[in-house]
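Data from work.cif: mmCIF, C-alpha atoms
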data_upload
#
loop_
_atom_site.group_PDB
_atom_site.id
_atom_site.type_symbol
_atom_site.label_atom_id
_atom_site.label_comp_id
_atom_site.auth_asym_id
_atom_site.auth_seq_id
_atom_site.Cartn_x
_atom_site.Cartn_y
_atom_site.Cartn_z
ATOM 1 C CA MET A 85 -5.196 4.091 -3.652
ATOM 2 C CA SER A 86 -6.848 3.704 -0.267
ATOM 3 C CA ARG A 87 -7.439 0.318 1.309
ATOM 4 C CA VAL A 88 -11.234 0.604 0.827
ATOM 5 C CA ALA A 89 -10.816 1.441 -2.863
ATOM 6 C CA SER A 90 -8.477 -1.539 -3.249
ATOM 7 C CA VAL A 91 -11.030 -3.870 -1.686
ATOM 8 C CA VAL A 92 -13.854 -2.485 -3.836
ATOM 9 C CA CYS A 93 -11.704 -2.921 -6.948
ATOM 10 C CA ALA A 94 -10.807 -6.487 -5.959
ATOM 11 C CA VAL A 95 -14.427 -7.434 -5.296
ATOM 12 C CA SER A 96 -15.463 -5.911 -8.628
ATOM 13 C CA LEU A 97 -12.816 -7.909 -10.464
ATOM 14 C CA VAL A 98 -13.847 -11.133 -8.754
ATOM 15 C CA LEU A 99 -17.501 -10.582 -9.593
ATOM 16 C CA TYR A 100 -16.638 -9.736 -13.189
ATOM 17 C CA GLY A 101 -14.398 -12.803 -13.410
ATOM 18 C CA ALA A 102 -17.120 -14.978 -11.935
ATOM 19 C CA SER A 103 -19.625 -13.671 -14.479
ATOM 20 C CA CYS A 104 -17.371 -15.075 -17.221
ATOM 21 C CA PHE A 105 -17.975 -18.580 -15.891
ATOM 22 C CA ILE A 106 -21.706 -18.740 -15.393
ATOM 23 C CA LEU A 107 -23.137 -21.660 -17.322
ATOM 24 C CA PRO A 108 -25.849 -20.816 -19.773
ATOM 25 C CA ALA A 109 -29.319 -21.599 -18.413
ATOM 26 C CA SER A 110 -30.453 -23.038 -21.732
ATOM 27 C CA THR A 111 -28.886 -24.885 -24.611
ATOM 28 C CA PRO A 112 -27.137 -22.481 -26.986
ATOM 29 C CA ARG A 113 -28.843 -21.698 -30.273
ATOM 30 C CA GLY A 114 -27.966 -24.225 -32.947
ATOM 31 C CA ALA A 115 -26.845 -26.880 -30.452
ATOM 32 C CA PRO A 116 -28.116 -30.388 -31.199
ATOM 33 C CA GLN A 117 -31.255 -31.396 -29.314
ATOM 34 C CA GLN A 118 -30.996 -34.421 -27.048
ATOM 35 C CA GLY A 119 -33.991 -36.685 -27.361
ATOM 36 C CA ALA A 120 -35.492 -39.710 -29.076
ATOM 37 C CA GLY A 121 -36.603 -38.016 -32.266
ATOM 38 C CA ALA A 122 -33.803 -35.477 -32.536
ATOM 39 C CA VAL A 123 -31.641 -35.407 -35.608
ATOM 40 C CA ALA A 124 -27.974 -34.740 -34.976
ATOM 41 C CA GLN A 125 -27.008 -31.341 -36.403
ATOM 42 C CA GLN A 126 -23.738 -29.475 -36.417
ATOM 43 C CA PRO A 127 -23.880 -26.288 -34.341
ATOM 44 C CA SER A 128 -23.294 -23.022 -36.155
ATOM 45 C CA ALA A 129 -20.018 -21.130 -35.767
ATOM 46 C CA ALA A 130 -21.762 -18.365 -33.744
ATOM 47 C CA ALA A 131 -23.171 -20.902 -31.271
ATOM 48 C CA THR A 132 -19.759 -22.520 -30.870
ATOM 49 C CA GLN A 133 -18.112 -19.157 -30.113
ATOM 50 C CA GLU A 134 -20.901 -18.202 -27.703
ATOM 51 C CA SER A 135 -20.577 -21.395 -25.669
ATOM 52 C CA ALA A 136 -16.776 -21.300 -25.754
ATOM 53 C CA GLY A 137 -16.806 -17.753 -24.333
ATOM 54 C CA SER A 138 -18.719 -18.863 -21.230
ATOM 55 C CA TRP A 139 -15.738 -20.726 -19.724
ATOM 56 C CA SER A 140 -12.641 -18.665 -20.321
ATOM 57 C CA PRO A 141 -9.757 -19.950 -18.186
ATOM 58 C CA LEU A 142 -7.754 -16.855 -19.100
ATOM 59 C CA ALA A 143 -10.398 -14.576 -17.583
ATOM 60 C CA ILE A 144 -10.601 -16.526 -14.310
ATOM 61 C CA GLY A 145 -6.807 -16.644 -14.074
ATOM 62 C CA ALA A 146 -6.569 -12.900 -14.606
ATOM 63 C CA ALA A 147 -9.314 -12.214 -12.057
ATOM 64 C CA LEU A 148 -7.747 -14.472 -9.436
ATOM 65 C CA GLY A 149 -4.274 -13.057 -10.101
ATOM 66 C CA LEU A 150 -5.480 -9.487 -9.684
ATOM 67 C CA LEU A 151 -7.395 -10.440 -6.557
ATOM 68 C CA ALA A 152 -4.293 -12.041 -5.062
ATOM 69 C CA ALA A 153 -2.159 -9.028 -5.962
ATOM 70 C CA VAL A 154 -4.580 -6.515 -4.465
ATOM 71 C CA ALA A 155 -5.499 -8.528 -1.393
ATOM 72 C CA THR A 156 -2.007 -9.550 -0.300
ATOM 73 C CA THR A 157 -0.031 -6.327 -0.744
ATOM 74 C CA ARG A 158 -0.048 -3.047 1.097
ATOM 75 C CA PRO A 159 -0.597 0.024 -1.011
ATOM 76 C CA ALA A 160 2.623 1.805 -1.911
ATOM 77 C CA LEU A 161 2.793 5.031 0.022
ATOM 78 C CA ALA A 162 5.400 7.758 -0.270
ATOM 79 C CA ALA A 163 5.722 7.754 3.506
ATOM 80 C CA ASP A 164 4.608 4.965 5.811
ATOM 81 C CA LEU A 165 3.844 6.803 9.047
ATOM 82 C CA GLU A 166 3.109 3.594 10.958
ATOM 83 C CA ASN A 167 6.547 2.249 10.071
ATOM 84 C CA GLY A 168 8.033 5.662 10.883
ATOM 85 C CA GLU A 169 6.485 5.515 14.339
ATOM 86 C CA ALA A 170 7.857 2.002 14.897
ATOM 87 C CA VAL A 171 11.349 3.062 13.782
ATOM 88 C CA PHE A 172 11.114 6.126 16.038
ATOM 89 C CA GLN A 173 10.018 4.014 19.021
ATOM 90 C CA GLY A 174 12.860 1.571 18.472
ATOM 91 C CA ASN A 175 15.691 4.016 17.785
ATOM 92 C CA CYS A 176 14.846 7.559 18.834
ATOM 93 C CA THR A 177 12.765 7.559 22.022
ATOM 94 C CA ALA A 178 15.797 7.049 24.269
ATOM 95 C CA CYS A 179 16.719 10.685 23.577
ATOM 96 C CA HIS A 180 13.586 12.127 21.948
ATOM 97 C CA ALA A 181 10.608 10.805 23.966
ATOM 98 C CA GLY A 182 7.585 13.035 23.431
ATOM 99 C CA GLY A 183 9.475 15.198 20.937
ATOM 100 C CA ASN A 184 11.921 16.382 23.603
ATOM 101 C CA ASN A 185 15.706 16.077 23.659
ATOM 102 C CA SER A 186 17.266 14.614 26.800
ATOM 103 C CA ILE A 187 20.840 15.415 25.656
ATOM 104 C CA VAL A 188 20.542 19.022 24.386
ATOM 105 C CA ALA A 189 17.276 20.337 25.869
ATOM 106 C CA GLU A 190 16.738 23.254 23.457
ATOM 107 C CA LYS A 191 17.013 21.047 20.337
ATOM 108 C CA LYS A 192 13.627 19.392 20.567
ATOM 109 C CA LEU A 193 11.641 17.818 17.759
ATOM 110 C CA LYS A 194 8.798 20.273 18.237
ATOM 111 C CA LYS A 195 7.923 22.557 15.328
ATOM 112 C CA ASP A 196 9.228 25.816 16.823
ATOM 113 C CA ALA A 197 12.636 24.276 17.609
ATOM 114 C CA LEU A 198 12.874 22.595 14.198
ATOM 115 C CA VAL A 199 12.071 25.930 12.494
ATOM 116 C CA THR A 200 14.650 27.722 14.665
ATOM 117 C CA TYR A 201 17.405 25.287 13.683
ATOM 118 C CA GLY A 202 16.378 25.008 10.015
ATOM 119 C CA LYS A 203 15.244 21.390 10.329
ATOM 120 C CA TYR A 204 11.497 21.773 9.681
ATOM 121 C CA ASP A 205 11.780 20.048 6.322
ATOM 122 C CA VAL A 206 11.625 16.332 5.534
ATOM 123 C CA SER A 207 14.858 16.423 3.524
ATOM 124 C CA ALA A 208 16.673 18.216 6.388
ATOM 125 C CA ILE A 209 15.414 15.599 8.852
ATOM 126 C CA ILE A 210 16.519 12.799 6.500
ATOM 127 C CA THR A 211 20.000 14.355 6.337
ATOM 128 C CA GLN A 212 20.127 14.699 10.138
ATOM 129 C CA VAL A 213 19.074 11.083 10.715
ATOM 130 C CA THR A 214 21.371 9.696 8.010
ATOM 131 C CA ASN A 215 24.537 11.643 8.849
ATOM 132 C CA GLY A 216 23.988 12.700 12.456
ATOM 133 C CA ASN A 217 25.197 16.064 13.737
ATOM 134 C CA GLY A 218 26.528 17.327 17.041
ATOM 135 C CA SER A 219 25.460 14.938 19.809
ATOM 136 C CA MET A 220 23.210 12.915 17.538
ATOM 137 C CA PRO A 221 24.768 9.777 16.045
ATOM 138 C CA ALA A 222 24.353 8.860 12.386
ATOM 139 C CA PHE A 223 21.784 6.175 11.577
ATOM 140 C CA GLY A 224 22.626 5.855 7.876
ATOM 141 C CA ASP A 225 24.429 2.547 8.438
ATOM 142 C CA LYS A 226 21.858 1.186 10.891
ATOM 143 C CA LEU A 227 18.609 2.023 9.067
ATOM 144 C CA GLY A 228 17.624 1.540 5.450
ATOM 145 C CA PRO A 229 16.689 4.505 3.222
ATOM 146 C CA ASP A 230 12.973 3.670 3.389
ATOM 147 C CA ASP A 231 13.032 3.525 7.201
ATOM 148 C CA ILE A 232 14.888 6.840 7.360
ATOM 149 C CA GLU A 233 12.356 8.453 5.025
ATOM 150 C CA ASP A 234 9.472 7.025 7.071
ATOM 151 C CA VAL A 235 10.868 8.222 10.410
ATOM 152 C CA ALA A 236 11.628 11.668 8.936
ATOM 153 C CA ASN A 237 8.022 11.988 7.723
ATOM 154 C CA TYR A 238 6.773 10.771 11.104
ATOM 155 C CA VAL A 239 8.840 13.411 12.945
ATOM 156 C CA TYR A 240 7.731 16.119 10.497
ATOM 157 C CA ASN A 241 4.055 15.180 10.937
ATOM 158 C CA LYS A 242 4.314 14.944 14.738
ATOM 159 C CA ALA A 243 6.342 18.162 15.195
ATOM 160 C CA ASP A 244 3.282 20.387 15.608
ATOM 161 C CA LYS A 245 1.444 17.844 17.780
ATOM 162 C CA TRP A 246 4.115 17.270 20.446
#
Rewrite the structure from the file as structure tokens, please.
Amino acid sequence: MSRVASVVCAVSLVLYGASCFILPASTPRGAPQQGAGAVAQQPSAAATQESAGSWSPLAIGAALGLLAAVATTRPALAADLENGEAVFQGNCTACHAGGNNSIVAEKKLKKDALVTYGKYDVSAIITQVTNGNGSMPAFGDKLGPDDIEDVANYVYNKADKW
């Protein structure tokens, strides 16, 4: 779900939750009248249920809980390209700045080189980053699986742009 859709959903839930707590503008039907000549009467069961439904603490708790959950968390994405870029900048740019390779010049991260060497696939890039190969060290012990997946998706997405 996109960030905008999450915000729209959260605002809708808050407004719906708030509508559960609006006080009635008039006295509910069957409620006793307050005044000098009024006779005290017991309200009907329907009037009692109607007025009790106006202030539902369960509804406000649910609305606030959903709002907190939506507003404070990032949407779960299969690949976080922003994190992938940060991981790449912190671990890979020493050798692969701009998609190049400063150690083995022909093994760049550009699409044509990745296709040539059979690495133009996210799973192949994940394997390369995790286990290393040739001059490239393994990062499987240094980076977590999510970071490796993110950087692999970042490289895959940038390969035709470098």
| request: Using the chain letters and numbers from the file, give me the residues hit by the PyMOL selection byres ((chain A and resi 212-220) around 12), as a PyMOL selection string. | output: chain A and resi 171-172+175-176+178-180+185-189+191-193+198+201-211+221-237+239
| request: State, in Å with one decimal place, the distance from atom CA of A:Leu97 to atom CA of A:Ala147. | output: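 Computing the Euclidean distance for atom CA of A:Leu97 and atom CA of A:Ala147 yields 5.8 Å.
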| said: Between atom CA of A:Glu169 and atom CA of A:Thr200, what distance in Å does the model show, to one decimal? | reply: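 Separating atom CA of A:Glu169 from atom CA of A:Thr200 is a distance of 23.7 Å.
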| Separation of atom CA of A:Leu151 from atom CA of A:Cys93 in Å |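 Pair atom CA of A:Cys93 / atom CA of A:Leu151 returns 8.7 Å.
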| task | Choose the residue, out of A:Ala146, A:Val154, A:Ala170, A:Pro141, that has the smallest atom-to-atom separation from A:Val95; count all atoms listed in the file. | result |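 Ranked by minimum distance to A:Val95, first place goes to A:Val154.
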Selection dump of the PyMOL selection byres ((chain A and resi 244) around 7), as a JSON list (two decimals) with C-alpha atoms, in the coordinates of the input:
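After the write, result-v1.json holds the following:
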[["chain", "number", "residue", "atom", "x", "y", "z"],
["A", 194, "LYS", "CA", 8.80, 20.27, 18.24],
["A", 195, "LYS", "CA", 7.92, 22.56, 15.33],
["A", 242, "LYS", "CA", 4.31, 14.94, 14.74],
["A", 243, "ALA", "CA", 6.34, 18.16, 15.20],
["A", 245, "LYS", "CA", 1.44, 17.84, 17.78],
["A", 246, "TRP", "CA", 4.12, 17.27, 20.45]]
